[in-house]
file coords_8.cif (mmCIF, C-alpha atoms)
data_start
loop_
_atom_site.group_PDB
_atom_site.id
_atom_site.type_symbol
_atom_site.label_atom_id
_atom_site.label_comp_id
_atom_site.auth_asym_id
_atom_site.auth_seq_id
_atom_site.Cartn_x
_atom_site.Cartn_y
_atom_site.Cartn_z
ATOM 1 C CA MET J 1 0.000 0.000 0.000
ATOM 2 C CA VAL J 2 1.412 3.371 -1.025
ATOM 3 C CA MET J 3 1.187 5.960 1.748
ATOM 4 C CA PRO J 4 0.067 9.477 0.778
ATOM 5 C CA PRO J 5 2.844 12.086 0.924
ATOM 6 C CA ARG J 6 3.012 13.373 4.472
ATOM 7 C CA LEU J 7 5.209 15.726 6.501
ATOM 8 C CA SER J 8 5.165 16.182 10.289
ATOM 9 C CA LEU J 9 6.796 19.344 11.645
ATOM 10 C CA ALA J 10 7.851 20.734 15.010
ATOM 11 C CA GLY J 11 9.451 24.032 16.023
ATOM 12 C CA GLU J 12 11.230 25.710 18.909
ATOM 13 C CA SER J 13 12.052 29.402 19.335
ATOM 14 C CA SER J 14 14.044 29.618 22.566
ATOM 15 C CA CYS J 15 17.454 28.228 21.561
ATOM 16 C CA GLN J 16 20.435 30.260 22.760
ATOM 17 C CA ASP J 17 22.748 29.798 19.769
ATOM 18 C CA GLY J 18 23.363 27.703 16.657
ATOM 19 C CA GLN J 19 24.752 24.737 18.556
ATOM 20 C CA CYS J 20 21.763 24.733 20.903
ATOM 21 C CA ALA J 21 19.339 24.991 17.967
ATOM 22 C CA SER J 22 21.081 22.130 16.162
ATOM 23 C CA GLN J 23 20.826 19.927 19.246
ATOM 24 C CA ARG J 24 17.219 20.899 19.884
ATOM 25 C CA GLY J 25 16.380 20.134 16.255
ATOM 26 C CA ARG J 26 17.679 16.600 16.701
ATOM 27 C CA GLU J 27 15.606 16.235 19.862
ATOM 28 C CA LEU J 28 12.534 17.350 17.911
ATOM 29 C CA LEU J 29 13.335 14.798 15.188
ATOM 30 C CA SER J 30 13.516 12.026 17.797
ATOM 31 C CA GLN J 31 10.142 13.098 19.175
ATOM 32 C CA LEU J 32 8.610 13.161 15.693
ATOM 33 C CA ALA J 33 10.015 9.680 15.057
ATOM 34 C CA ALA J 34 8.567 8.447 18.371
ATOM 35 C CA ASP J 35 5.155 9.770 17.285
ATOM 36 C CA GLN J 36 5.405 7.283 14.407
ATOM 37 C CA GLY J 37 6.528 4.412 16.613
ATOM 38 C CA LEU J 38 10.204 4.726 15.684
ATOM 39 C CA ASP J 39 13.016 4.645 18.252
ATOM 40 C CA CYS J 40 15.699 7.124 17.160
ATOM 41 C CA PRO J 41 17.919 8.071 20.132
ATOM 42 C CA VAL J 42 19.035 11.686 20.028
ATOM 43 C CA SER J 43 22.713 10.747 20.402
ATOM 44 C CA ALA J 44 22.781 8.808 17.115
ATOM 45 C CA TRP J 45 21.737 11.616 14.750
ATOM 46 C CA SER J 46 24.502 12.637 12.340
ATOM 47 C CA ALA J 47 26.780 15.421 13.540
ATOM 48 C CA ARG J 48 26.239 19.054 12.668
ATOM 49 C CA GLY J 49 27.993 20.185 9.487
ATOM 50 C CA ASN J 50 27.906 16.790 7.743
ATOM 51 C CA GLY J 51 25.207 17.448 5.167
ATOM 52 C CA PRO J 52 21.569 16.353 5.436
ATOM 53 C CA VAL J 53 20.746 15.021 8.899
ATOM 54 C CA SER J 54 20.437 11.230 9.141
ATOM 55 C CA HIS J 55 19.930 8.449 11.696
ATOM 56 C CA PRO J 56 20.981 4.769 11.456
ATOM 57 C CA ALA J 57 17.728 3.580 13.077
ATOM 58 C CA LEU J 58 15.474 5.478 10.682
ATOM 59 C CA PRO J 59 13.927 3.032 8.172
ATOM 60 C CA ALA J 60 14.215 3.600 4.438
ATOM 61 C CA GLY J 61 11.528 5.894 3.100
ATOM 62 C CA HIS J 62 11.718 8.324 6.026
ATOM 63 C CA TYR J 63 13.314 11.713 5.364
ATOM 64 C CA PRO J 64 14.372 13.963 8.290
ATOM 65 C CA ILE J 65 14.714 17.674 7.559
ATOM 66 C CA MET J 66 15.807 20.614 9.680
ATOM 67 C CA SER J 67 16.644 24.314 9.474
ATOM 68 C CA HIS J 68 17.575 26.800 12.189
ATOM 69 C CA ARG J 69 18.409 30.493 12.467
ATOM 70 C CA ARG J 70 19.113 32.758 15.458
ATOM 71 C CA GLY J 71 17.426 30.689 18.155
ATOM 72 C CA LEU J 72 14.598 29.359 16.002
ATOM 73 C CA VAL J 73 14.575 25.771 14.714
ATOM 74 C CA VAL J 74 12.106 23.800 12.611
ATOM 75 C CA ALA J 75 12.434 20.041 12.154
ATOM 76 C CA GLY J 76 10.369 17.634 10.112
ATOM 77 C CA LEU J 77 9.950 13.979 9.241
ATOM 78 C CA ALA J 78 8.455 13.057 5.858
ATOM 79 C CA ASN J 79 7.805 9.887 3.864
ATOM 80 C CA GLY J 80 9.364 11.456 0.765
ATOM 81 C CA PRO J 81 12.022 14.089 -0.055
ATOM 82 C CA VAL J 82 11.119 17.604 1.127
ATOM 83 C CA GLY J 83 13.343 20.689 1.060
ATOM 84 C CA LEU J 84 12.933 23.169 3.925
ATOM 85 C CA ASP J 85 14.577 26.483 4.816
ATOM 86 C CA LEU J 86 14.127 29.077 7.542
ATOM 87 C CA GLU J 87 15.388 32.665 7.632
ATOM 88 C CA VAL J 88 15.203 35.354 10.331
ATOM 89 C CA PRO J 89 15.460 39.044 9.328
ATOM 90 C CA LEU J 90 18.692 40.848 10.145
ATOM 91 C CA PRO J 91 19.361 44.635 10.022
ATOM 92 C CA ARG J 92 22.632 44.078 8.130
ATOM 93 C CA HIS J 93 20.728 42.358 5.310
ATOM 94 C CA ARG J 94 18.653 45.498 4.768
ATOM 95 C CA GLN J 95 21.822 47.587 4.619
ATOM 96 C CA ARG J 96 23.340 45.420 1.877
ATOM 97 C CA LEU J 97 20.113 44.255 0.259
ATOM 98 C CA THR J 98 20.935 45.449 -3.271
ATOM 99 C CA ALA J 99 24.139 43.404 -3.315
ATOM 100 C CA LEU J 100 22.320 40.337 -1.983
ATOM 101 C CA VAL J 101 19.615 40.628 -4.614
ATOM 102 C CA GLU J 102 22.195 41.011 -7.397
ATOM 103 C CA MET J 103 23.629 37.601 -6.481
ATOM 104 C CA LEU J 104 20.378 35.833 -7.408
ATOM 105 C CA PRO J 105 20.523 34.055 -10.791
ATOM 106 C CA ASP J 106 16.991 34.846 -12.048
ATOM 107 C CA THR J 107 16.653 38.299 -13.637
ATOM 108 C CA ASP J 108 12.867 38.479 -13.230
ATOM 109 C CA ILE J 109 13.135 37.488 -9.561
ATOM 110 C CA ARG J 110 15.662 40.262 -8.921
ATOM 111 C CA SER J 111 13.307 42.801 -10.494
ATOM 112 C CA THR J 112 10.322 41.506 -8.527
ATOM 113 C CA ILE J 113 12.198 41.823 -5.235
ATOM 114 C CA LEU J 114 13.433 45.368 -5.850
ATOM 115 C CA GLU J 115 9.956 46.520 -6.937
ATOM 116 C CA ALA J 116 8.181 44.939 -3.948
ATOM 117 C CA PRO J 117 6.668 47.114 -1.166
ATOM 118 C CA ASP J 118 9.062 45.425 1.279
ATOM 119 C CA PRO J 119 12.127 44.290 -0.710
ATOM 120 C CA GLN J 120 13.784 42.640 2.289
ATOM 121 C CA ALA J 121 10.726 40.461 2.959
ATOM 122 C CA ALA J 122 10.538 39.622 -0.758
ATOM 123 C CA PHE J 123 14.221 38.666 -0.732
ATOM 124 C CA TYR J 124 13.679 36.252 2.164
ATOM 125 C CA ARG J 125 10.745 34.645 0.362
ATOM 126 C CA ALA J 126 12.935 34.084 -2.694
ATOM 127 C CA TRP J 127 16.040 32.998 -0.786
ATOM 128 C CA THR J 128 14.220 30.381 1.309
ATOM 129 C CA LEU J 129 12.814 28.929 -1.919
ATOM 130 C CA TYR J 130 16.290 28.719 -3.498
ATOM 131 C CA GLU J 131 17.555 27.008 -0.348
ATOM 132 C CA SER J 132 14.576 24.635 -0.230
ATOM 133 C CA LEU J 133 15.143 23.614 -3.846
ATOM 134 C CA PHE J 134 18.840 23.037 -3.117
ATOM 135 C CA LYS J 135 18.053 20.816 -0.117
ATOM 136 C CA LEU J 136 15.398 18.898 -2.045
ATOM 137 C CA ALA J 137 17.903 18.228 -4.831
ATOM 138 C CA TRP J 138 20.399 16.796 -2.317
ATOM 139 C CA LEU J 139 17.769 14.512 -0.813
ATOM 140 C CA GLU J 140 16.948 13.320 -4.327
ATOM 141 C CA GLY J 141 20.626 12.502 -4.952
ATOM 142 C CA GLN J 142 21.372 15.315 -7.425
ATOM 143 C CA GLN J 143 24.073 17.063 -5.330
ATOM 144 C CA PRO J 144 24.057 20.535 -6.961
ATOM 145 C CA SER J 145 27.252 22.545 -6.513
ATOM 146 C CA GLN J 146 25.658 25.527 -4.747
ATOM 147 C CA VAL J 147 22.359 27.171 -3.816
ATOM 148 C CA LEU J 148 22.589 29.673 -6.680
ATOM 149 C CA ALA J 149 22.675 26.814 -9.184
ATOM 150 C CA MET J 150 18.930 26.437 -8.563
ATOM 151 C CA ARG J 151 16.226 28.259 -10.543
ATOM 152 C CA LEU J 152 12.793 29.288 -9.293
ATOM 153 C CA THR J 153 11.386 28.454 -12.730
ATOM 154 C CA SER J 154 11.431 24.827 -11.534
ATOM 155 C CA LEU J 155 8.537 25.733 -9.228
ATOM 156 C CA ALA J 156 4.917 25.298 -10.282
ATOM 157 C CA PRO J 157 3.179 26.477 -12.379
ATOM 158 C CA LEU J 158 6.214 26.671 -14.721
ATOM 159 C CA GLY J 159 7.950 23.631 -13.223
ATOM 160 C CA GLU J 160 7.075 20.370 -11.493
ATOM 161 C CA ILE J 161 8.063 21.247 -7.912
ATOM 162 C CA HIS J 162 5.464 22.633 -5.513
ATOM 163 C CA CYS J 163 6.145 24.976 -2.622
ATOM 164 C CA TRP J 164 4.595 26.187 0.620
ATOM 165 C CA SER J 165 5.569 29.326 2.537
ATOM 166 C CA SER J 166 4.845 31.310 5.655
ATOM 167 C CA GLN J 167 6.122 34.758 6.491
ATOM 168 C CA THR J 168 5.753 36.779 9.683
ATOM 169 C CA PRO J 169 7.779 39.774 10.915
ATOM 170 C CA GLU J 170 9.907 37.304 12.893
ATOM 171 C CA ALA J 171 10.746 34.678 10.263
ATOM 172 C CA THR J 172 10.215 33.237 6.790
ATOM 173 C CA LEU J 173 9.736 29.497 6.293
ATOM 174 C CA SER J 174 9.516 27.738 2.917
ATOM 175 C CA LEU J 175 9.423 24.115 1.839
ATOM 176 C CA CYS J 176 9.115 22.298 -1.459
ATOM 177 C CA SER J 177 8.154 18.848 -2.720
ATOM 178 C CA ARG J 178 7.287 17.150 -5.993
ATOM 179 C CA HIS J 179 3.897 16.185 -4.535
ATOM 180 C CA PRO J 180 1.187 18.879 -4.728
ATOM 181 C CA GLU J 181 -0.977 16.803 -2.391
ATOM 182 C CA LEU J 182 1.645 16.805 0.395
ATOM 183 C CA GLU J 183 -0.135 16.672 3.758
ATOM 184 C CA ILE J 184 1.603 19.025 6.197
ATOM 185 C CA GLY J 185 0.905 18.877 9.922
ATOM 186 C CA TRP J 186 2.469 20.287 13.066
ATOM 187 C CA ALA J 187 2.930 18.008 16.075
ATOM 188 C CA LYS J 188 0.405 18.786 18.813
ATOM 189 C CA TRP J 189 3.191 19.151 21.351
ATOM 190 C CA THR J 190 5.317 21.580 19.325
ATOM 191 C CA ALA J 191 6.248 24.923 20.900
ATOM 192 C CA THR J 192 6.358 26.937 17.655
ATOM 193 C CA SER J 193 4.446 26.533 14.392
ATOM 194 C CA PHE J 194 3.844 28.449 11.158
ATOM 195 C CA GLU J 195 0.733 28.692 9.020
ATOM 196 C CA LEU J 196 2.099 27.312 5.755
ATOM 197 C CA GLN J 197 0.236 28.038 2.533
ATOM 198 C CA ALA J 198 0.694 26.526 -0.905
ATOM 199 C CA THR J 199 2.113 29.242 -3.128
ATOM 200 C CA SER J 200 4.266 30.096 -6.118
ATOM 201 C CA TYR J 201 6.878 32.801 -6.536
ATOM 202 C CA PRO J 202 6.320 35.675 -6.912
ATOM 203 C CA ALA J 203 3.049 35.547 -4.944
ATOM 204 C CA PRO J 204 2.188 38.180 -2.318
ATOM 205 C CA SER J 205 -0.520 35.910 -0.921
ATOM 206 C CA ASN J 206 2.084 34.047 1.129
ATOM 207 C CA GLU J 207 2.558 37.031 3.472
ATOM 208 C CA ILE J 208 1.164 36.187 6.911
ATOM 209 C CA GLY J 209 1.099 38.257 10.058
#

call {"tool": "encode", "arguments": {"input": "coords_8.cif", "output": "structure tokens"}}
result
Amino acid sequence: MVMPPRLSLAGESSCQDGQCASQRGRELLSQLAADQGLDCPVSAWSARGNGPVSHPALPAGHYPIMSHRRGLVVAGLANGPVGLDLEVPLPRHRQRLTALVEMLPDTDIRSTILEAPDPQAAFYRAWTLYESLFKLAWLEGQQPSQVLAMRLTSLAPLGEIHCWSSQTPEATLSLCSRHPELEIGWAKWTATSFELQATSYPAPSNEIG
């Protein structure tokens, strides 16, 4: 029996630093695994900085994902490849926004960002989608050389990859999958969650809060 595409998420917003957030993310992954009857001790998750997170006790067909920024972490467990990225606004990004936008490979995306009412928010929406596509490609075994090798034209409706986003003044979260019917749910016990909406880029409808 083929299971429908499904993603369970959990979040935490009180981590002190990157190391704390990385550790807490692995704890969240173990809790998500336990919700599915899987025993994945926290100590056995792959070390930070070694590519996509993995666990030797996680059966084939289960895909752990995680992203963290400045004390906020989101972790997920899916039954298929899903790319996820989280960004938190920083004052220094606003100061050098033009240079950041110029790095992006898609000309129309650069124009859309600079013409947006809030260019910094628009940049984060785009950047989290580039990152999500990059992470999805790695989970699918493609191993692209860098984030900026991705193109947002691979997103629906032009492409075959579907995306979901949430944006508040505190953070931007995006994820992508090849399954438009992906069922996304937040664990009942999670401390932090986002209201994710199916979207495309550019699409102002994904602004929340």

call {"tool": "closest_residue", "arguments": {"input": "coords_8.cif", "among": "J:Ala21, J:Gly49, J:Leu175, J:Pro119", "to": "Gln95 of chain J", "atoms": "all atoms listed in the file"}}
result
J:Pro119

call {"tool": "resolve_selection", "arguments": {"input": "coords_8.cif", "expression": "the PyMOL selection byres ((chain J and resi 2-18) around 10)", "output": "ChimeraX atom specification"}}
result
/J:1,19-25,28-29,31-33,35-36,48,62-82,177-194

call {"tool": "resolve_selection", "arguments": {"input": "coords_8.cif", "expression": "the PyMOL selection byres ((chain J and resi 148-162) around 9)", "output": "CSV table (one decimal) with C-alpha atoms, in the frame of the given file"}}
result
chain,number,residue,atom,x,y,z
J,103,MET,CA,23.6,37.6,-6.5
J,104,LEU,CA,20.4,35.8,-7.4
J,105,PRO,CA,20.5,34.1,-10.8
J,106,ASP,CA,17.0,34.8,-12.0
J,109,ILE,CA,13.1,37.5,-9.6
J,126,ALA,CA,12.9,34.1,-2.7
J,129,LEU,CA,12.8,28.9,-1.9
J,130,TYR,CA,16.3,28.7,-3.5
J,131,GLU,CA,17.6,27.0,-0.3
J,133,LEU,CA,15.1,23.6,-3.8
J,134,PHE,CA,18.8,23.0,-3.1
J,144,PRO,CA,24.1,20.5,-7.0
J,145,SER,CA,27.3,22.5,-6.5
J,146,GLN,CA,25.7,25.5,-4.7
J,147,VAL,CA,22.4,27.2,-3.8
J,163,CYS,CA,6.1,25.0,-2.6
J,164,TRP,CA,4.6,26.2,0.6
J,175,LEU,CA,9.4,24.1,1.8
J,176,CYS,CA,9.1,22.3,-1.5
J,177,SER,CA,8.2,18.8,-2.7
J,178,ARG,CA,7.3,17.2,-6.0
J,179,HIS,CA,3.9,16.2,-4.5
J,180,PRO,CA,1.2,18.9,-4.7
J,198,ALA,CA,0.7,26.5,-0.9
J,199,THR,CA,2.1,29.2,-3.1
J,200,SER,CA,4.3,30.1,-6.1
J,201,TYR,CA,6.9,32.8,-6.5

call {"tool": "resolve_selection", "arguments": {"input": "coords_8.cif", "expression": "the PyMOL selection byres ((chain J and resi 113) around 12)", "output": "ChimeraX atom specification"}}
result
/J:97-98,100-102,104,106-112,114-127,201-204

call {"tool": "write_last_selection", "arguments": {"input": "coords_8.cif", "atoms": "C-alpha atoms", "output": "short mmCIF file (atom, residue, chain, number, x, y, z; two decimals), in the coordinates of the input"}}
result
data_model
loop_
_atom_site.label_atom_id
_atom_site.label_comp_id
_atom_site.auth_asym_id
_atom_site.auth_seq_id
_atom_site.Cartn_x
_atom_site.Cartn_y
_atom_site.Cartn_z
CA LEU J 97 20.11 44.26 0.26
CA THR J 98 20.94 45.45 -3.27
CA LEU J 100 22.32 40.34 -1.98
CA VAL J 101 19.61 40.63 -4.61
CA GLU J 102 22.20 41.01 -7.40
CA LEU J 104 20.38 35.83 -7.41
CA ASP J 106 16.99 34.85 -12.05
CA THR J 107 16.65 38.30 -13.64
CA ASP J 108 12.87 38.48 -13.23
CA ILE J 109 13.14 37.49 -9.56
CA ARG J 110 15.66 40.26 -8.92
CA SER J 111 13.31 42.80 -10.49
CA THR J 112 10.32 41.51 -8.53
CA LEU J 114 13.43 45.37 -5.85
CA GLU J 115 9.96 46.52 -6.94
CA ALA J 116 8.18 44.94 -3.95
CA PRO J 117 6.67 47.11 -1.17
CA ASP J 118 9.06 45.42 1.28
CA PRO J 119 12.13 44.29 -0.71
CA GLN J 120 13.78 42.64 2.29
CA ALA J 121 10.73 40.46 2.96
CA ALA J 122 10.54 39.62 -0.76
CA PHE J 123 14.22 38.67 -0.73
CA TYR J 124 13.68 36.25 2.16
CA ARG J 125 10.74 34.65 0.36
CA ALA J 126 12.94 34.08 -2.69
CA TRP J 127 16.04 33.00 -0.79
CA TYR J 201 6.88 32.80 -6.54
CA PRO J 202 6.32 35.67 -6.91
CA ALA J 203 3.05 35.55 -4.94
CA PRO J 204 2.19 38.18 -2.32
#

call {"tool": "closest_residue", "arguments": {"input": "coords_8.cif", "among": "J:Cys40, J:Leu84, J:Ala34, J:Val53", "to": "Lys135 of chain J", "atoms": "only C-alpha atoms"}}
result
J:Leu84

call {"tool": "decode", "arguments": {"input": "coords_8.cif", "residues": "segment 153-165 of chain J", "atoms": "all heavy atoms", "output": "PDB file, in the first residue's frame"}}
result
ATOM      1  N   THR J 153      12.263  28.892 -11.640  1.00  0.00           N
ATOM      2  CA  THR J 153      11.386  28.454 -12.730  1.00  0.00           C
ATOM      3  C   THR J 153      11.064  26.961 -12.623  1.00  0.00           C
ATOM      4  O   THR J 153      10.174  26.476 -13.322  1.00  0.00           O
ATOM      5  CB  THR J 153      12.039  28.727 -14.097  1.00  0.00           C
ATOM      6  OG1 THR J 153      13.379  28.198 -14.092  1.00  0.00           O
ATOM      7  CG2 THR J 153      12.078  30.218 -14.379  1.00  0.00           C
ATOM      8  N   SER J 154      11.760  26.238 -11.743  1.00  0.00           N
ATOM      9  CA  SER J 154      11.431  24.827 -11.534  1.00  0.00           C
ATOM     10  C   SER J 154      10.213  24.654 -10.638  1.00  0.00           C
ATOM     11  O   SER J 154       9.703  23.541 -10.483  1.00  0.00           O
ATOM     12  CB  SER J 154      12.621  24.080 -10.936  1.00  0.00           C
ATOM     13  OG  SER J 154      12.969  24.614  -9.679  1.00  0.00           O
ATOM     14  N   LEU J 155       9.732  25.768 -10.069  1.00  0.00           N
ATOM     15  CA  LEU J 155       8.537  25.733  -9.228  1.00  0.00           C
ATOM     16  C   LEU J 155       7.275  25.830 -10.077  1.00  0.00           C
ATOM     17  O   LEU J 155       7.258  26.479 -11.118  1.00  0.00           O
ATOM     18  CB  LEU J 155       8.559  26.888  -8.225  1.00  0.00           C
ATOM     19  CG  LEU J 155       9.691  26.884  -7.187  1.00  0.00           C
ATOM     20  CD1 LEU J 155       9.688  28.184  -6.418  1.00  0.00           C
ATOM     21  CD2 LEU J 155       9.549  25.689  -6.247  1.00  0.00           C
ATOM     22  N   ALA J 156       6.210  25.178  -9.612  1.00  0.00           N
ATOM     23  CA  ALA J 156       4.917  25.298 -10.282  1.00  0.00           C
ATOM     24  C   ALA J 156       4.465  26.766 -10.231  1.00  0.00           C
ATOM     25  O   ALA J 156       4.772  27.475  -9.279  1.00  0.00           O
ATOM     26  CB  ALA J 156       3.902  24.399  -9.593  1.00  0.00           C
ATOM     27  N   PRO J 157       3.770  27.235 -11.276  1.00  0.00           N
ATOM     28  CA  PRO J 157       3.179  26.477 -12.379  1.00  0.00           C
ATOM     29  C   PRO J 157       4.123  26.247 -13.570  1.00  0.00           C
ATOM     30  O   PRO J 157       3.776  25.502 -14.474  1.00  0.00           O
ATOM     31  CB  PRO J 157       2.009  27.346 -12.805  1.00  0.00           C
ATOM     32  CG  PRO J 157       2.478  28.744 -12.519  1.00  0.00           C
ATOM     33  CD  PRO J 157       3.307  28.642 -11.268  1.00  0.00           C
ATOM     34  N   LEU J 158       5.302  26.876 -13.595  1.00  0.00           N
ATOM     35  CA  LEU J 158       6.214  26.671 -14.721  1.00  0.00           C
ATOM     36  C   LEU J 158       6.913  25.325 -14.639  1.00  0.00           C
ATOM     37  O   LEU J 158       7.169  24.684 -15.655  1.00  0.00           O
ATOM     38  CB  LEU J 158       7.250  27.795 -14.757  1.00  0.00           C
ATOM     39  CG  LEU J 158       6.716  29.212 -15.002  1.00  0.00           C
ATOM     40  CD1 LEU J 158       7.850  30.219 -14.944  1.00  0.00           C
ATOM     41  CD2 LEU J 158       5.997  29.284 -16.337  1.00  0.00           C
ATOM     42  N   GLY J 159       7.243  24.886 -13.419  1.00  0.00           N
ATOM     43  CA  GLY J 159       7.950  23.631 -13.223  1.00  0.00           C
ATOM     44  C   GLY J 159       7.113  22.588 -12.510  1.00  0.00           C
ATOM     45  O   GLY J 159       5.902  22.772 -12.314  1.00  0.00           O
ATOM     46  N   GLU J 160       7.772  21.509 -12.080  1.00  0.00           N
ATOM     47  CA  GLU J 160       7.075  20.370 -11.493  1.00  0.00           C
ATOM     48  C   GLU J 160       7.195  20.298  -9.972  1.00  0.00           C
ATOM     49  O   GLU J 160       6.670  19.372  -9.353  1.00  0.00           O
ATOM     50  CB  GLU J 160       7.615  19.074 -12.097  1.00  0.00           C
ATOM     51  CG  GLU J 160       7.419  18.971 -13.609  1.00  0.00           C
ATOM     52  CD  GLU J 160       7.979  17.688 -14.168  1.00  0.00           C
ATOM     53  OE1 GLU J 160       8.679  16.974 -13.420  1.00  0.00           O
ATOM     54  OE2 GLU J 160       7.709  17.387 -15.347  1.00  0.00           O
ATOM     55  N   ILE J 161       7.877  21.261  -9.364  1.00  0.00           N
ATOM     56  CA  ILE J 161       8.063  21.247  -7.912  1.00  0.00           C
ATOM     57  C   ILE J 161       7.090  22.231  -7.272  1.00  0.00           C
ATOM     58  O   ILE J 161       6.923  23.350  -7.758  1.00  0.00           O
ATOM     59  CB  ILE J 161       9.513  21.593  -7.545  1.00  0.00           C
ATOM     60  CG1 ILE J 161      10.465  20.571  -8.171  1.00  0.00           C
ATOM     61  CG2 ILE J 161       9.703  21.619  -6.031  1.00  0.00           C
ATOM     62  CD1 ILE J 161      11.924  20.881  -7.975  1.00  0.00           C
ATOM     63  N   HIS J 162       6.473  21.815  -6.186  1.00  0.00           N
ATOM     64  CA  HIS J 162       5.464  22.633  -5.513  1.00  0.00           C
ATOM     65  C   HIS J 162       6.034  23.173  -4.202  1.00  0.00           C
ATOM     66  O   HIS J 162       6.876  22.531  -3.566  1.00  0.00           O
ATOM     67  CB  HIS J 162       4.208  21.799  -5.263  1.00  0.00           C
ATOM     68  CG  HIS J 162       3.624  21.253  -6.533  1.00  0.00           C
ATOM     69  ND1 HIS J 162       2.647  21.909  -7.248  1.00  0.00           N
ATOM     70  CD2 HIS J 162       3.923  20.132  -7.234  1.00  0.00           C
ATOM     71  CE1 HIS J 162       2.347  21.211  -8.330  1.00  0.00           C
ATOM     72  NE2 HIS J 162       3.111  20.137  -8.354  1.00  0.00           N
ATOM     73  N   CYS J 163       5.578  24.356  -3.813  1.00  0.00           N
ATOM     74  CA  CYS J 163       6.145  24.976  -2.622  1.00  0.00           C
ATOM     75  C   CYS J 163       5.063  25.519  -1.704  1.00  0.00           C
ATOM     76  O   CYS J 163       3.934  25.812  -2.117  1.00  0.00           O
ATOM     77  CB  CYS J 163       7.136  26.075  -2.990  1.00  0.00           C
ATOM     78  SG  CYS J 163       6.420  27.480  -3.872  1.00  0.00           S
ATOM     79  N   TRP J 164       5.438  25.646  -0.434  1.00  0.00           N
ATOM     80  CA  TRP J 164       4.595  26.187   0.620  1.00  0.00           C
ATOM     81  C   TRP J 164       5.434  27.189   1.401  1.00  0.00           C
ATOM     82  O   TRP J 164       6.627  26.966   1.625  1.00  0.00           O
ATOM     83  CB  TRP J 164       4.127  25.082   1.562  1.00  0.00           C
ATOM     84  CG  TRP J 164       3.207  24.079   0.937  1.00  0.00           C
ATOM     85  CD1 TRP J 164       1.848  24.006   1.087  1.00  0.00           C
ATOM     86  CD2 TRP J 164       3.562  22.985   0.078  1.00  0.00           C
ATOM     87  NE1 TRP J 164       1.343  22.932   0.376  1.00  0.00           N
ATOM     88  CE2 TRP J 164       2.371  22.298  -0.264  1.00  0.00           C
ATOM     89  CE3 TRP J 164       4.770  22.529  -0.449  1.00  0.00           C
ATOM     90  CZ2 TRP J 164       2.352  21.185  -1.092  1.00  0.00           C
ATOM     91  CZ3 TRP J 164       4.766  21.420  -1.282  1.00  0.00           C
ATOM     92  CH2 TRP J 164       3.569  20.758  -1.598  1.00  0.00           C
ATOM     93  N   SER J 165       4.816  28.296   1.827  1.00  0.00           N
ATOM     94  CA  SER J 165       5.569  29.326   2.537  1.00  0.00           C
ATOM     95  C   SER J 165       4.745  29.943   3.656  1.00  0.00           C
ATOM     96  O   SER J 165       3.505  29.911   3.630  1.00  0.00           O
ATOM     97  CB  SER J 165       6.006  30.448   1.585  1.00  0.00           C
ATOM     98  OG  SER J 165       6.957  29.990   0.652  1.00  0.00           O
TER      99      SER J 165
END
